[in-house]
Amino acid sequence: MPSRDEIFEKVRTALVDALGVDDDEVTSSATMVGDLGAESIDFLDIVFRLEKAFGIKIPRGELFPEDVLSSSEFVTNGKVNAAGLAALKARMPFYDLTNFEKNPSVQNFPNMLTVEDMVRYVQSKVGG
Amino acid sequence: MRWFWIDRFDEFVRGSHAVAVKNVSLAEEHLHDHFPGAALMPNSLIVEGMAQTAGLLVADAIDYNRRVVLAKVAAAEFHFDAVPGDTLRFRAEILDLKPGGSLTKVSSRVDERLQGEAELFFAHLEPGEGVPKLFEPEELLKWLDQMHIYDIGRDESGQPLQRPDW
């Protein structure tokens with residue numbers, strides 16, 4: 001089982017390649033969108049690279065829950081409602097949603113994802 | 001004027017790889033000013049040729065059911081300039097393909113010399129995802145005919161590609 005540091009290094013390489021950022025910009029606390037400049041299409045690129053680097057399969061919607069964020073059941077007036085937050089937590093226990101819950105605007109979701117969230121996601125897949 | 005940056009396909013294997021050629025000619029107007037007395041093919045347009053090679057390969061692999069658009073040039077490197085008289089050979093390979101997007105790798109060669117390499121990422125968009133219809137079916141088919149895809153194309157098992165009845 002790979003260690004957390006090994007996972008971090010491979011995630012870092014994937015993000016450096018996908019986003020064209022420097023190694024030292026990819027810190028645990030860096031946010032994917034705000035700090036590293038990821039755009040929506042980059043998330044699919046990142047999915048490809050993580051799958052290859054770790055030999056895992058990442059089903060659509062698992063890393064980035066676009067179905068929840070665009071569902072009228074889970075979104076009320078542009079904000080993820082209580083049912084939506086419950087759905088996100090159940091689906092994505094690897095994400096720290098503490099900050100997002102303070103202002104669960106759909107637009108904020110990509111902004112709150114950090115490199116550490118990516119690492120925890122991969123850990124949940126490889127059991128590291 | 002249409003935006004054609006490949007002349008024909010020499011090899012086309014569904015879902016796998018394809019080779020297209022682009023003849024660089026001083027008859028092309030864009031070379032007259034780029035640069036006077038020292039014409040060279042802009043690498044940005046070579047990327048477009050690479051993208052057309054890989055993009056048609058990807059679009060065929062998903063049965064032309066979605067709009068395949070170049071979403072990102074993930075990496076690109078060029079080793080020398082292509083000039084009038086050169087024949088560029090673009091070899092595109094699908095590295096990964098999902099319903100929503102694909103990652104491809106494309107090389108550009110002049111004879112045996114590696115002129116450039118790029119990793120191109122395509123988004124496969126459905127109607128309503130913000131991209132207007134790219135082609136009328138009959139126009140697309142004319143382009144595919146011009147590219148000789150159904151003359152030389154093969155499917156995964158080596159059988160000739162069937163020309164669609166659009």
# chains A, B, ... in the order shown; residues from 1 in each chain; ligands from 1

call {"tool": "closest_atom_pairs", "arguments": {"of": "chain A", "to": "chain B", "cutoff": "8 Å", "atoms": "only C-alpha atoms", "output": "Markdown table"}}
result
| residue | atom | partner | partner_atom | distance |
| --- | --- | --- | --- | --- |
| A:Asp17 | CA | B:Ala74 | CA | 7.3 |
| A:Ala18 | CA | B:Ala74 | CA | 6.3 |
| A:Leu19 | CA | B:Ala74 | CA | 7.9 |
| A:Gly20 | CA | B:Ala74 | CA | 7.9 |
| A:Ile41 | CA | B:Ala71 | CA | 6.9 |
| A:Leu44 | CA | B:Gly101 | CA | 7.1 |
| A:Asp45 | CA | B:Phe121 | CA | 7.3 |
| A:Phe48 | CA | B:Asp96 | CA | 7.1 |

call {"tool": "write_last_selection", "arguments": {"atoms": "C-alpha atoms", "output": "compact mmCIF listing (two decimals), in the first residue's frame"}}
result
# COMPACT_ATOMS: atom_id res chain seq x y z
CA ASP A 17 1.39 17.99 -15.82
CA ALA A 18 -2.32 18.76 -16.07
CA LEU A 19 -2.23 22.37 -14.92
CA GLY A 20 1.22 23.50 -16.00
CA ILE A 41 -11.98 20.67 -18.34
CA LEU A 44 -11.28 15.44 -16.58
CA ASP A 45 -7.61 15.66 -17.52
CA PHE A 48 -7.11 10.55 -16.70

call {"tool": "closest_residue", "arguments": {"among": "A:Phe54, A:Phe43, A:Phe8, A:Phe109", "to": "A:Thr27", "atoms": "only C-alpha atoms"}}
result
A:Phe8

call {"tool": "atom_distance", "arguments": {"atom1": "atom CA of B:Ala39", "atom2": "atom CA of B:Val83"}}
result
6.3 Å

call {"tool": "closest_residue", "arguments": {"among": "B:Gly85, B:Gly15, B:Pro160, B:Pro36", "to": "B:Asp60", "atoms": "only C-alpha atoms"}}
result
B:Gly15

call {"tool": "atom_distance", "arguments": {"atom1": "atom CA of B:Arg113", "atom2": "atom CA of B:Leu56"}}
result
24.3 Å

call {"tool": "residues_around", "arguments": {"residues": "A:Phe94", "least_positions_apart": "3", "cutoff": "12 Å", "atoms": "only C-alpha atoms", "output": "list in words"}}
result
Glu62, Leu63, Phe64, Leu88, Lys89, Ala90, Arg91, Leu97, Thr98, Leu113, Thr114, Val115, Glu116, Asp117, Met118, Val119, Arg120, Tyr121, Val122, Gln123, Ser124, Lys125 and Gly127 of chain A

call {"tool": "write_last_selection", "arguments": {"atoms": "N, CA and C atoms", "output": "JSON list (two decimals), in the first residue's frame"}}
result
[["chain", "number", "residue", "atom", "x", "y", "z"],
["A", 62, "GLU", "N", -17.46, 10.98, -9.33],
["A", 62, "GLU", "CA", -16.92, 10.58, -8.03],
["A", 62, "GLU", "C", -15.94, 11.61, -7.49],
["A", 63, "LEU", "N", -15.10, 12.15, -8.39],
["A", 63, "LEU", "CA", -14.14, 13.16, -7.95],
["A", 63, "LEU", "C", -14.80, 14.53, -7.92],
["A", 64, "PHE", "N", -15.69, 14.75, -8.85],
["A", 64, "PHE", "CA", -16.35, 16.04, -8.94],
["A", 64, "PHE", "C", -17.84, 15.79, -9.16],
["A", 88, "LEU", "N", -23.52, 14.71, -0.52],
["A", 88, "LEU", "CA", -22.09, 14.92, -0.78],
["A", 88, "LEU", "C", -21.23, 14.21, 0.26],
["A", 89, "LYS", "N", -21.65, 14.31, 1.52],
["A", 89, "LYS", "CA", -20.85, 13.68, 2.59],
["A", 89, "LYS", "C", -20.84, 12.17, 2.45],
["A", 90, "ALA", "N", -22.00, 11.64, 2.10],
["A", 90, "ALA", "CA", -22.08, 10.18, 1.96],
["A", 90, "ALA", "C", -21.24, 9.73, 0.77],
["A", 91, "ARG", "N", -21.31, 10.47, -0.32],
["A", 91, "ARG", "CA", -20.60, 10.09, -1.56],
["A", 91, "ARG", "C", -19.11, 10.36, -1.44],
["A", 97, "LEU", "N", -15.59, 19.16, 4.02],
["A", 97, "LEU", "CA", -16.63, 20.10, 3.57],
["A", 97, "LEU", "C", -16.89, 21.21, 4.58],
["A", 98, "THR", "N", -16.07, 21.29, 5.63],
["A", 98, "THR", "CA", -16.32, 22.26, 6.71],
["A", 98, "THR", "C", -16.48, 23.68, 6.17],
["A", 113, "LEU", "N", -12.09, 22.85, -3.12],
["A", 113, "LEU", "CA", -11.29, 21.63, -3.25],
["A", 113, "LEU", "C", -9.80, 21.95, -3.15],
["A", 114, "THR", "N", -9.10, 21.17, -2.35],
["A", 114, "THR", "CA", -7.66, 21.38, -2.19],
["A", 114, "THR", "C", -6.89, 20.17, -2.70],
["A", 115, "VAL", "N", -5.59, 20.34, -2.78],
["A", 115, "VAL", "CA", -4.72, 19.23, -3.16],
["A", 115, "VAL", "C", -4.87, 18.09, -2.16],
["A", 116, "GLU", "N", -5.00, 18.46, -0.88],
["A", 116, "GLU", "CA", -5.15, 17.42, 0.15],
["A", 116, "GLU", "C", -6.43, 16.61, -0.09],
["A", 117, "ASP", "N", -7.49, 17.27, -0.57],
["A", 117, "ASP", "CA", -8.72, 16.53, -0.89],
["A", 117, "ASP", "C", -8.44, 15.48, -1.98],
["A", 118, "MET", "N", -7.63, 15.87, -2.97],
["A", 118, "MET", "CA", -7.28, 14.92, -4.04],
["A", 118, "MET", "C", -6.51, 13.74, -3.45],
["A", 119, "VAL", "N", -5.57, 14.06, -2.54],
["A", 119, "VAL", "CA", -4.75, 13.00, -1.93],
["A", 119, "VAL", "C", -5.65, 12.05, -1.14],
["A", 120, "ARG", "N", -6.57, 12.63, -0.35],
["A", 120, "ARG", "CA", -7.46, 11.77, 0.45],
["A", 120, "ARG", "C", -8.36, 10.93, -0.45],
["A", 121, "TYR", "N", -8.76, 11.52, -1.56],
["A", 121, "TYR", "CA", -9.60, 10.75, -2.49],
["A", 121, "TYR", "C", -8.82, 9.53, -3.00],
["A", 122, "VAL", "N", -7.58, 9.77, -3.43],
["A", 122, "VAL", "CA", -6.79, 8.65, -3.95],
["A", 122, "VAL", "C", -6.55, 7.62, -2.84],
["A", 123, "GLN", "N", -6.28, 8.10, -1.64],
["A", 123, "GLN", "CA", -6.09, 7.17, -0.51],
["A", 123, "GLN", "C", -7.32, 6.28, -0.35],
["A", 124, "SER", "N", -8.50, 6.88, -0.50],
["A", 124, "SER", "CA", -9.72, 6.09, -0.32],
["A", 124, "SER", "C", -9.83, 5.03, -1.42],
["A", 125, "LYS", "N", -9.23, 5.30, -2.58],
["A", 125, "LYS", "CA", -9.30, 4.35, -3.68],
["A", 125, "LYS", "C", -8.25, 3.24, -3.58],
["A", 127, "GLY", "N", -6.56, 2.53, -0.74],
["A", 127, "GLY", "CA", -6.49, 1.98, 0.61],
["A", 127, "GLY", "C", -5.22, 2.31, 1.34]]

call {"tool": "select_by_dssp", "arguments": {"residues": "stretch 99-147 of chain B", "states": "helix (DSSP H, G or I)", "output": "NGL selection string"}}
result
:B and (137-146)

call {"tool": "residues_around", "arguments": {"residues": "B:Lys22", "least_positions_apart": "2", "cutoff": "8 Å", "atoms": "only C-alpha atoms", "output": "ChimeraX atom specification"}}
result
/B:5-8,20,24,49,87-90
